[in-house]
$ cat entry.cif   # mmCIF, C-alpha atoms
data_start
#
loop_
_atom_site.group_PDB
_atom_site.id
_atom_site.type_symbol
_atom_site.label_atom_id
_atom_site.label_comp_id
_atom_site.auth_asym_id
_atom_site.auth_seq_id
_atom_site.Cartn_x
_atom_site.Cartn_y
_atom_site.Cartn_z
ATOM 1 C CA MET A 204 11.208 -8.701 -12.063
ATOM 2 C CA ALA A 205 14.198 -7.344 -10.178
ATOM 3 C CA ARG A 206 15.240 -4.888 -7.534
ATOM 4 C CA ARG A 207 18.519 -3.277 -6.639
ATOM 5 C CA PRO A 208 19.658 -0.105 -4.866
ATOM 6 C CA ARG A 209 20.517 2.818 -7.107
ATOM 7 C CA PRO A 210 21.432 6.441 -6.389
ATOM 8 C CA ARG A 211 19.097 9.260 -7.241
ATOM 9 C CA SER A 212 19.130 13.032 -6.941
ATOM 10 C CA ALA A 213 16.664 14.503 -4.466
ATOM 11 C CA LEU A 214 14.410 17.297 -5.670
ATOM 12 C CA ALA A 215 14.033 19.062 -2.355
ATOM 13 C CA LEU A 216 12.630 22.155 -4.064
ATOM 14 C CA LEU A 217 9.918 20.441 -6.113
ATOM 15 C CA ALA A 218 7.233 21.696 -3.739
ATOM 16 C CA VAL A 219 8.107 25.333 -4.503
ATOM 17 C CA LEU A 220 8.297 24.932 -8.278
ATOM 18 C CA VAL A 221 4.946 26.542 -9.022
ATOM 19 C CA LEU A 222 5.421 29.392 -6.547
ATOM 20 C CA ALA A 223 8.957 30.122 -7.684
ATOM 21 C CA SER A 224 8.031 30.459 -11.342
ATOM 22 C CA ALA A 225 4.502 31.863 -11.187
ATOM 23 C CA CYS A 226 4.615 34.431 -8.383
ATOM 24 C CA GLN A 227 4.909 38.025 -9.585
ATOM 25 C CA THR A 228 4.881 39.765 -6.194
ATOM 26 C CA ASP A 229 7.526 42.192 -4.949
ATOM 27 C CA SER A 230 8.731 39.793 -2.264
ATOM 28 C CA PRO A 231 12.460 39.505 -1.447
ATOM 29 C CA SER A 232 14.486 37.648 -4.050
ATOM 30 C CA PRO A 233 15.650 34.083 -3.340
ATOM 31 C CA GLY A 234 18.524 34.063 -0.912
ATOM 32 C CA SER A 235 17.824 37.536 0.486
ATOM 33 C CA SER A 236 17.317 37.983 4.217
ATOM 34 C CA ALA A 237 14.718 39.931 6.137
ATOM 35 C CA SER A 238 15.519 43.535 6.973
ATOM 36 C CA PRO A 239 16.887 44.374 10.456
ATOM 37 C CA GLY A 240 14.269 44.566 13.143
ATOM 38 C CA THR A 241 11.870 42.012 11.653
ATOM 39 C CA SER A 242 11.252 38.632 13.203
ATOM 40 C CA ALA A 243 8.957 35.643 12.871
ATOM 41 C CA GLY A 244 6.368 35.509 15.601
ATOM 42 C CA ALA A 245 4.109 32.707 16.747
ATOM 43 C CA GLY A 246 2.840 30.578 13.891
ATOM 44 C CA GLY A 247 5.550 31.871 11.564
ATOM 45 C CA SER A 248 3.747 35.113 10.648
ATOM 46 C CA PRO A 249 6.078 38.085 10.016
ATOM 47 C CA GLY A 250 6.239 40.257 13.110
ATOM 48 C CA GLY A 251 3.876 37.863 14.845
ATOM 49 C CA SER A 252 0.885 39.392 13.038
ATOM 50 C CA PRO A 253 -1.777 36.930 11.822
ATOM 51 C CA ALA A 254 -3.114 39.639 9.508
ATOM 52 C CA ALA A 255 0.277 39.997 7.825
ATOM 53 C CA GLY A 256 0.499 36.241 7.343
ATOM 54 C CA LEU A 257 -2.975 36.175 5.809
ATOM 55 C CA ALA A 258 -2.045 38.989 3.437
ATOM 56 C CA ILE A 259 1.003 37.048 2.218
ATOM 57 C CA SER A 260 -1.120 33.923 1.770
ATOM 58 C CA GLU A 261 -3.682 35.813 -0.296
ATOM 59 C CA ALA A 262 -0.948 37.396 -2.420
ATOM 60 C CA LEU A 263 0.621 34.027 -3.175
ATOM 61 C CA ARG A 264 -2.705 32.409 -4.032
ATOM 62 C CA SER A 265 -3.658 35.250 -6.351
ATOM 63 C CA ALA A 266 -0.263 35.079 -8.078
ATOM 64 C CA VAL A 267 -0.521 31.363 -8.913
ATOM 65 C CA GLY A 268 -2.856 30.849 -11.842
ATOM 66 C CA ALA A 269 -4.204 27.629 -13.305
ATOM 67 C CA GLU A 270 -2.491 28.299 -16.637
ATOM 68 C CA ALA A 271 0.960 28.569 -15.042
ATOM 69 C CA ILE A 272 0.387 25.378 -13.072
ATOM 70 C CA ARG A 273 -0.820 23.610 -16.213
ATOM 71 C CA ASP A 274 2.344 24.619 -18.073
ATOM 72 C CA HIS A 275 4.487 22.911 -15.436
ATOM 73 C CA LEU A 276 2.281 19.828 -15.417
ATOM 74 C CA ASP A 277 2.573 19.619 -19.200
ATOM 75 C CA GLU A 278 6.367 19.660 -18.934
ATOM 76 C CA LEU A 279 6.367 16.925 -16.286
ATOM 77 C CA PHE A 280 3.884 14.917 -18.346
ATOM 78 C CA ALA A 281 6.200 15.208 -21.355
ATOM 79 C CA ALA A 282 9.085 13.940 -19.224
ATOM 80 C CA ALA A 283 6.983 10.930 -18.217
ATOM 81 C CA ASN A 284 6.075 10.195 -21.848
ATOM 82 C CA ALA A 285 9.737 10.311 -22.810
ATOM 83 C CA GLY A 286 10.425 7.826 -20.014
ATOM 84 C CA ASP A 287 7.994 5.082 -21.043
ATOM 85 C CA GLY A 288 5.078 6.616 -19.177
ATOM 86 C CA THR A 289 6.666 7.021 -15.758
ATOM 87 C CA ARG A 290 8.737 9.493 -13.761
ATOM 88 C CA ALA A 291 9.770 6.904 -11.174
ATOM 89 C CA SER A 292 13.081 7.501 -9.423
ATOM 90 C CA GLY A 293 16.063 6.031 -11.213
ATOM 91 C CA LEU A 294 14.410 6.021 -14.645
ATOM 92 C CA GLU A 295 14.595 8.307 -17.675
ATOM 93 C CA GLY A 296 11.374 10.135 -16.845
ATOM 94 C CA TYR A 297 12.734 11.094 -13.440
ATOM 95 C CA ALA A 298 15.934 12.460 -14.981
ATOM 96 C CA GLY A 299 13.906 14.605 -17.396
ATOM 97 C CA SER A 300 11.737 15.924 -14.566
ATOM 98 C CA GLN A 301 14.808 16.727 -12.498
ATOM 99 C CA GLU A 302 16.408 18.620 -15.369
ATOM 100 C CA TYR A 303 13.277 20.720 -15.857
ATOM 101 C CA VAL A 304 12.848 21.567 -12.169
ATOM 102 C CA VAL A 305 16.511 22.527 -11.810
ATOM 103 C CA GLU A 306 16.272 24.745 -14.891
ATOM 104 C CA VAL A 307 13.147 26.549 -13.665
ATOM 105 C CA LEU A 308 14.470 27.115 -10.151
ATOM 106 C CA THR A 309 17.867 28.250 -11.410
ATOM 107 C CA GLU A 310 16.239 30.781 -13.743
ATOM 108 C CA ALA A 311 14.193 32.017 -10.769
ATOM 109 C CA GLY A 312 17.414 32.760 -8.873
ATOM 110 C CA TYR A 313 17.700 29.716 -6.646
ATOM 111 C CA GLU A 314 20.951 27.857 -6.088
ATOM 112 C CA VAL A 315 19.960 24.221 -6.517
ATOM 113 C CA THR A 316 21.888 21.348 -4.964
ATOM 114 C CA LEU A 317 21.368 17.666 -5.787
ATOM 115 C CA ASP A 318 22.161 15.084 -3.120
ATOM 116 C CA GLU A 319 22.726 11.436 -4.014
ATOM 117 C CA PHE A 320 21.522 8.633 -1.761
ATOM 118 C CA GLN A 321 20.692 4.941 -1.938
ATOM 119 C CA PHE A 322 17.081 3.773 -2.185
ATOM 120 C CA PRO A 323 15.271 0.511 -3.015
ATOM 121 C CA PHE A 324 14.742 0.409 -6.779
ATOM 122 C CA PHE A 325 12.278 -1.892 -8.537
ATOM 123 C CA ALA A 326 11.668 -2.490 -12.227
ATOM 124 C CA GLU A 327 10.185 -5.342 -14.225
ATOM 125 C CA THR A 328 12.935 -6.702 -16.458
ATOM 126 C CA ALA A 329 10.474 -9.164 -18.030
ATOM 127 C CA GLU A 330 6.685 -9.329 -18.094
ATOM 128 C CA PRO A 331 5.223 -11.857 -15.652
ATOM 129 C CA ARG A 332 3.459 -14.802 -17.255
ATOM 130 C CA VAL A 333 1.104 -17.420 -15.822
ATOM 131 C CA SER A 334 0.162 -20.452 -17.913
ATOM 132 C CA ILE A 335 -2.543 -22.887 -16.868
ATOM 133 C CA VAL A 336 -1.230 -26.384 -17.535
ATOM 134 C CA GLY A 337 -3.255 -27.576 -20.515
ATOM 135 C CA GLY A 338 -5.046 -24.229 -20.795
ATOM 136 C CA GLU A 339 -4.732 -20.471 -21.256
ATOM 137 C CA THR A 340 -1.718 -18.242 -20.780
ATOM 138 C CA PHE A 341 -1.972 -14.785 -19.231
ATOM 139 C CA ALA A 342 0.824 -12.268 -19.693
ATOM 140 C CA GLY A 343 1.881 -9.069 -18.002
ATOM 141 C CA GLY A 344 0.547 -5.653 -18.869
ATOM 142 C CA GLU A 345 -3.006 -6.589 -19.764
ATOM 143 C CA HIS A 346 -3.636 -9.368 -17.242
ATOM 144 C CA LEU A 347 -0.771 -9.459 -14.724
ATOM 145 C CA ARG A 348 1.294 -6.941 -12.780
ATOM 146 C CA ALA A 349 4.107 -7.716 -10.387
ATOM 147 C CA LEU A 350 3.616 -5.941 -7.085
ATOM 148 C CA ILE A 351 6.411 -3.463 -6.394
ATOM 149 C CA PHE A 352 9.319 -5.330 -4.722
ATOM 150 C CA SER A 353 7.985 -8.739 -5.809
ATOM 151 C CA ARG A 354 10.614 -11.435 -6.213
ATOM 152 C CA SER A 355 11.240 -13.283 -9.466
ATOM 153 C CA GLY A 356 10.439 -16.935 -10.018
ATOM 154 C CA GLU A 357 10.010 -19.623 -12.657
ATOM 155 C CA PHE A 358 8.314 -22.892 -11.709
ATOM 156 C CA GLU A 359 5.215 -25.084 -11.992
ATOM 157 C CA ALA A 360 3.010 -25.801 -8.984
ATOM 158 C CA PRO A 361 -0.592 -26.523 -7.971
ATOM 159 C CA ILE A 362 -2.724 -23.428 -7.428
ATOM 160 C CA VAL A 363 -4.814 -23.291 -4.244
ATOM 161 C CA THR A 364 -7.346 -20.680 -3.124
ATOM 162 C CA VAL A 365 -6.958 -18.834 0.177
ATOM 163 C CA GLY A 366 -9.616 -16.681 1.843
ATOM 164 C CA THR A 367 -11.906 -16.745 -1.185
ATOM 165 C CA ASP A 368 -15.135 -18.504 -2.123
ATOM 166 C CA GLU A 369 -16.094 -20.369 -5.296
ATOM 167 C CA GLU A 370 -16.980 -17.119 -7.050
ATOM 168 C CA GLY A 371 -13.816 -15.289 -6.052
ATOM 169 C CA GLY A 372 -15.357 -13.316 -3.205
ATOM 170 C CA VAL A 373 -13.336 -12.688 -0.051
ATOM 171 C CA THR A 374 -14.090 -14.947 2.919
ATOM 172 C CA GLY A 375 -12.762 -14.832 6.461
ATOM 173 C CA SER A 376 -9.965 -12.285 6.622
ATOM 174 C CA GLY A 377 -9.160 -12.763 2.936
ATOM 175 C CA GLY A 378 -5.686 -14.167 3.505
ATOM 176 C CA CYS A 379 -4.689 -11.458 5.956
ATOM 177 C CA GLU A 380 -4.602 -13.697 9.048
ATOM 178 C CA ARG A 381 -2.829 -16.951 9.863
ATOM 179 C CA ALA A 382 -6.131 -18.819 10.277
ATOM 180 C CA ASP A 383 -6.780 -18.469 6.529
ATOM 181 C CA TRP A 384 -3.636 -20.480 5.820
ATOM 182 C CA ASN A 385 -3.979 -23.369 8.289
ATOM 183 C CA ASP A 386 -4.491 -26.077 5.650
ATOM 184 C CA PHE A 387 -2.407 -24.560 2.870
ATOM 185 C CA PRO A 388 -0.126 -27.128 1.144
ATOM 186 C CA THR A 389 3.549 -26.180 1.191
ATOM 187 C CA GLY A 390 4.963 -25.371 -2.238
ATOM 188 C CA ALA A 391 1.642 -24.466 -3.871
ATOM 189 C CA ILE A 392 0.796 -21.139 -5.513
ATOM 190 C CA ALA A 393 -1.778 -19.193 -3.501
ATOM 191 C CA LEU A 394 -4.736 -17.515 -5.218
ATOM 192 C CA ALA A 395 -6.460 -14.913 -3.040
ATOM 193 C CA GLY A 396 -8.896 -12.052 -3.344
ATOM 194 C CA ALA A 397 -8.141 -8.472 -2.376
ATOM 195 C CA GLY A 398 -8.131 -8.944 1.391
ATOM 196 C CA PRO A 399 -8.740 -6.026 3.793
ATOM 197 C CA CYS A 400 -5.096 -5.458 4.737
ATOM 198 C CA PHE A 401 -1.795 -4.276 3.319
ATOM 199 C CA ARG A 402 -0.580 -6.531 0.526
ATOM 200 C CA LEU A 403 2.690 -7.012 2.388
ATOM 201 C CA GLN A 404 0.718 -8.628 5.214
ATOM 202 C CA MET A 405 -0.799 -11.109 2.746
ATOM 203 C CA VAL A 406 2.622 -11.870 1.279
ATOM 204 C CA GLU A 407 4.102 -12.469 4.727
ATOM 205 C CA GLN A 408 1.252 -14.838 5.600
ATOM 206 C CA ALA A 409 1.790 -16.685 2.313
ATOM 207 C CA GLN A 410 5.513 -17.000 2.980
ATOM 208 C CA ASP A 411 4.962 -18.283 6.507
ATOM 209 C CA ALA A 412 2.550 -20.904 5.139
ATOM 210 C CA GLY A 413 5.140 -22.118 2.616
ATOM 211 C CA ALA A 414 3.526 -20.729 -0.544
ATOM 212 C CA ALA A 415 5.723 -20.621 -3.637
ATOM 213 C CA ALA A 416 3.972 -17.477 -4.894
ATOM 214 C CA LEU A 417 0.909 -15.314 -4.275
ATOM 215 C CA ILE A 418 -1.540 -14.221 -6.968
ATOM 216 C CA ILE A 419 -4.212 -11.699 -5.974
ATOM 217 C CA SER A 420 -7.260 -11.126 -8.150
ATOM 218 C CA SER A 421 -10.016 -8.554 -7.846
ATOM 219 C CA PRO A 422 -13.313 -8.478 -9.776
ATOM 220 C CA ASP A 423 -12.777 -4.725 -10.178
ATOM 221 C CA TYR A 424 -9.653 -5.116 -12.325
ATOM 222 C CA GLU A 425 -10.601 -5.341 -15.979
ATOM 223 C CA PRO A 426 -7.924 -6.464 -18.464
ATOM 224 C CA GLY A 427 -5.547 -3.576 -19.035
ATOM 225 C CA ALA A 428 -6.491 -1.886 -15.758
ATOM 226 C CA VAL A 429 -4.626 -4.066 -13.276
ATOM 227 C CA ARG A 430 -2.990 -2.045 -10.512
ATOM 228 C CA ARG A 431 0.427 -2.588 -8.979
ATOM 229 C CA PRO A 432 0.515 -1.762 -5.250
ATOM 230 C CA THR A 433 3.782 -1.548 -3.387
ATOM 231 C CA LEU A 434 4.881 -4.144 -0.862
ATOM 232 C CA LEU A 435 6.589 -1.350 1.106
ATOM 233 C CA ASP A 436 9.536 -3.352 2.471
ATOM 234 C CA PRO A 437 11.739 -5.062 -0.160
ATOM 235 C CA ASP A 438 13.703 -6.977 2.478
ATOM 236 C CA ALA A 439 10.537 -8.669 3.761
ATOM 237 C CA VAL A 440 9.528 -10.170 0.398
ATOM 238 C CA GLU A 441 10.782 -13.651 -0.500
ATOM 239 C CA ILE A 442 8.305 -14.899 -3.142
ATOM 240 C CA PRO A 443 6.735 -13.663 -6.394
ATOM 241 C CA ALA A 444 3.577 -11.625 -5.768
ATOM 242 C CA LEU A 445 1.265 -10.710 -8.649
ATOM 243 C CA TYR A 446 -2.017 -8.924 -9.250
ATOM 244 C CA ALA A 447 -4.291 -10.538 -11.860
ATOM 245 C CA SER A 448 -7.183 -9.203 -13.918
ATOM 246 C CA ASN A 449 -10.687 -10.464 -13.209
ATOM 247 C CA GLU A 450 -10.540 -12.514 -16.407
ATOM 248 C CA ALA A 451 -7.286 -14.193 -15.424
ATOM 249 C CA GLY A 452 -8.518 -14.578 -11.852
ATOM 250 C CA ALA A 453 -11.674 -16.382 -12.980
ATOM 251 C CA ALA A 454 -9.652 -18.838 -15.073
ATOM 252 C CA LEU A 455 -7.206 -19.445 -12.227
ATOM 253 C CA LEU A 456 -10.081 -19.930 -9.779
ATOM 254 C CA GLU A 457 -11.576 -22.570 -12.065
ATOM 255 C CA THR A 458 -8.181 -24.263 -12.296
ATOM 256 C CA ALA A 459 -7.799 -24.251 -8.515
ATOM 257 C CA SER A 460 -11.291 -25.733 -8.085
ATOM 258 C CA ALA A 461 -10.326 -28.545 -10.469
ATOM 259 C CA GLY A 462 -7.079 -29.234 -8.607
ATOM 260 C CA GLY A 463 -4.948 -28.024 -11.506
ATOM 261 C CA SER A 464 -1.488 -26.518 -11.748
ATOM 262 C CA VAL A 465 0.012 -23.431 -13.356
ATOM 263 C CA GLN A 466 3.407 -22.400 -14.638
ATOM 264 C CA LEU A 467 4.728 -19.049 -13.443
ATOM 265 C CA SER A 468 7.579 -17.122 -15.004
#

$ encode --input "entry.cif" --output "structure tokens"
Amino acid sequence: MARRPRPRSALALLAVLVLASACQTDSPSPGSSASPGTSAGAGGSPGGSPAAGLAISEALRSAVGAEAIRDHLDELFAAANAGDGTRASGLEGYAGSQEYVVEVLTEAGYEVTLDEFQFPFFAETAEPRVSIVGGETFAGGEHLRALIFSRSGEFEAPIVTVGTDEEGGVTGSGGCERADWNDFPTGAIALAGAGPCFRLQMVEQAQDAGAAALIISSPDYEPGAVRRPTLLDPDAVEIPALYASNEAGAALLETASAGGSVQLS
């Protein structure tokens, strides 16, 4: 798990991709200006006429067919497949998507510019792994996902439940409020349910309580279907934060009930 800033090219014209390539109306070509004497009235309708604006809207909607949209989606899907299933910024799938969009817009007559800027970049450089001391091991992909902007870590510590009952159900505020963490032992790994708040809020509460890491489990997450929410603010995250499958969560809950420890890497 790692994060670092990397430049990317902004696709400011992505929103007009379908219209630019699928519209067959006799509207002015890209870059052309309105003829003298015309102006945009209230609401942006040409000449201030709502009827004229509605006519343009209907023309655009009739010119964009499902087949044309599907063709573009197929191309973007192919770019994602070539990039290990994702088109996330900074990765190969994004570069392929960018190349396609630029090509389509350029062929349509647009002059495309690409602006570089810094942004928080996150990628798992190794699959997370949680091993119950003397028991099972659960690995990333099928059972574990690092939340976006999670920190890395490798250590062994006791695992302690927070805001959850003996069956894994959420109690209290589910780890979202300070009261859930009053008796939490410093240095332990926290096991919580999917509390009713942003995951960043749970991570911040865990950090303030001295947790070494936070593992969140939901009964809805079958093996292979574990989600990976974002923690929104990379600078606010100081500990590893993972989502676990219901199978892994049940085993970790049993370990916590028995006062056991786990190894995280």

$ closest_residue --input "entry.cif" --among "A:Ser355, A:Asn385, A:Thr289, A:Thr374" --to "Glu441 in chain A" --atoms "only C-alpha atoms"
A:Ser355

$ closest_residue --input "entry.cif" --among "A:Gly256, A:Pro443, A:Gly343, A:Gly396" --to "Thr364 in chain A" --atoms "all atoms listed in the file"
A:Gly396

$ resolve_selection --input "entry.cif" --expression "the PyMOL selection byres ((chain A and resi 275-285) around 9)" --output "list in words"
Leu220, Val221, Glu270, Ala271, Ile272, Arg273, Asp274, Gly286, Asp287, Gly288, Thr289, Arg290, Ala291, Glu295, Gly296, Tyr297, Ala298, Gly299, Ser300, Tyr303 and Val304 of chain A

$ resolve_selection --input "entry.cif" --expression "the PyMOL selection byres ((chain A and resi 384) around 9)" --output "MDAnalysis selection string"
chainID A and resid 365:366 378 380:383 385:388 408:409 411:412

$ residues_near_point --input "entry.cif" --point "(0.1, -9.3, -12.9)" --cutoff "9 Å" --atoms "only C-alpha atoms" --output "count of residues only"
25

$ resolve_selection --input "entry.cif" --expression "the PyMOL selection byres ((chain A and resi 358) around 7)" --output "PDB file with C-alpha atoms, in the coordinates of the input"
ATOM      1  CA  GLY A 356      10.439 -16.935 -10.018  1.00  0.00           C
ATOM      2  CA  GLU A 357      10.010 -19.623 -12.657  1.00  0.00           C
ATOM      3  CA  GLU A 359       5.215 -25.084 -11.992  1.00  0.00           C
ATOM      4  CA  ALA A 360       3.010 -25.801  -8.984  1.00  0.00           C
ATOM      5  CA  GLN A 466       3.407 -22.400 -14.638  1.00  0.00           C
ATOM      6  CA  LEU A 467       4.728 -19.049 -13.443  1.00  0.00           C
ATOM      7  CA  SER A 468       7.579 -17.122 -15.004  1.00  0.00           C
TER       8      SER A 468
END

$ residues_around --input "entry.cif" --residues "Gly390 in chain A" --least-positions-apart "5" --cutoff "7 Å" --atoms "all atoms listed in the file" --output "PyMOL selection string"
chain A and resi 413-415

$ closest_residue --input "entry.cif" --among "A:Gly452, A:Pro399, A:Gly312, A:Pro437" --to "Glu369 in chain A" --atoms "all atoms listed in the file"
A:Gly452

$ closest_residue --input "entry.cif" --among "A:Pro426, A:Pro432, A:Gly398, A:Pro361" --to "Cys379 in chain A" --atoms "all atoms listed in the file"
A:Gly398

$ axis_aligned_box --input "entry.cif" --around "range 286-299 of chain A" --padding-each-side "3 Å" --output "JSON"
{"center_x": 10.6, "center_y": 9.8, "center_z": -15.2, "size_x": 17.0, "size_y": 15.5, "size_z": 17.6}

$ residues_near_point --input "entry.cif" --point "(12.2, -8.0, -9.5)" --cutoff "10 Å" --atoms "all atoms listed in the file" --output "PyMOL selection string"
chain A and resi 204-207+324-329+349-356+437+443

$ decode --input "entry.cif" --residues "range 340-349 of chain A" --atoms "all heavy atoms" --output "tab-separated table (two decimals), in the first residue's frame"
chain	number	residue	atom	x	y	z
A	340	THR	N	-5.19	-17.40	7.69
A	340	THR	CA	-4.64	-16.21	7.06
A	340	THR	C	-5.59	-15.75	5.96
A	340	THR	O	-6.08	-16.56	5.17
A	340	THR	CB	-3.25	-16.50	6.45
A	340	THR	OG1	-2.32	-16.78	7.51
A	340	THR	CG2	-2.75	-15.30	5.65
A	341	PHE	N	-5.85	-14.47	5.92
A	341	PHE	CA	-6.73	-13.89	4.90
A	341	PHE	C	-5.92	-12.88	4.09
A	341	PHE	O	-5.24	-12.02	4.66
A	341	PHE	CB	-7.93	-13.21	5.55
A	341	PHE	CG	-8.80	-14.15	6.33
A	341	PHE	CD1	-8.62	-14.31	7.69
A	341	PHE	CD2	-9.78	-14.89	5.69
A	341	PHE	CE1	-9.42	-15.18	8.41
A	341	PHE	CE2	-10.59	-15.77	6.40
A	341	PHE	CZ	-10.40	-15.92	7.76
A	342	ALA	N	-6.00	-13.02	2.76
A	342	ALA	CA	-5.19	-12.18	1.89
A	342	ALA	C	-6.07	-11.23	1.09
A	342	ALA	O	-7.29	-11.38	1.00
A	342	ALA	CB	-4.36	-13.04	0.95
A	343	GLY	N	-5.40	-10.25	0.49
A	343	GLY	CA	-6.09	-9.23	-0.29
A	343	GLY	C	-6.76	-9.79	-1.52
A	343	GLY	O	-6.51	-10.92	-1.95
A	344	GLY	N	-7.63	-8.98	-2.12
A	344	GLY	CA	-8.36	-9.41	-3.29
A	344	GLY	C	-9.65	-10.09	-2.91
A	344	GLY	O	-10.73	-9.51	-3.02
A	345	GLU	N	-9.57	-11.31	-2.42
A	345	GLU	CA	-10.77	-12.06	-2.09
A	345	GLU	C	-11.35	-11.65	-0.74
A	345	GLU	O	-12.56	-11.52	-0.57
A	345	GLU	CB	-10.49	-13.55	-2.07
A	345	GLU	CG	-11.73	-14.40	-1.82
A	345	GLU	CD	-11.46	-15.89	-1.91
A	345	GLU	OE1	-10.27	-16.27	-1.96
A	345	GLU	OE2	-12.43	-16.65	-1.93
A	346	HIS	N	-10.48	-11.42	0.25
A	346	HIS	CA	-10.96	-11.18	1.61
A	346	HIS	C	-10.63	-9.79	2.16
A	346	HIS	O	-11.29	-9.35	3.12
A	346	HIS	CB	-10.38	-12.22	2.56
A	346	HIS	CG	-10.95	-13.59	2.37
A	346	HIS	ND1	-12.24	-13.91	2.71
A	346	HIS	CD2	-10.40	-14.72	1.85
A	346	HIS	CE1	-12.47	-15.19	2.43
A	346	HIS	NE2	-11.37	-15.70	1.90
A	347	LEU	N	-9.64	-9.12	1.63
A	347	LEU	CA	-9.22	-7.83	2.20
A	347	LEU	C	-8.99	-6.81	1.10
A	347	LEU	O	-8.48	-7.14	0.03
A	347	LEU	CB	-7.92	-7.99	3.00
A	347	LEU	CG	-7.94	-8.87	4.25
A	347	LEU	CD1	-6.52	-9.07	4.75
A	347	LEU	CD2	-8.80	-8.24	5.33
A	348	ARG	N	-9.37	-5.56	1.37
A	348	ARG	CA	-9.04	-4.46	0.49
A	348	ARG	C	-8.58	-3.28	1.34
A	348	ARG	O	-9.21	-2.94	2.34
A	348	ARG	CB	-10.27	-4.02	-0.33
A	348	ARG	CG	-10.83	-5.07	-1.26
A	348	ARG	CD	-9.88	-5.43	-2.39
A	348	ARG	NE	-9.56	-4.32	-3.25
A	348	ARG	CZ	-10.29	-3.96	-4.31
A	348	ARG	NH1	-11.41	-4.60	-4.60
A	348	ARG	NH2	-9.91	-2.96	-5.08
A	349	ALA	N	-7.48	-2.68	0.94
A	349	ALA	CA	-7.03	-1.47	1.61
A	349	ALA	C	-7.92	-0.31	1.17
A	349	ALA	O	-8.16	-0.13	-0.02
A	349	ALA	CB	-5.58	-1.18	1.26
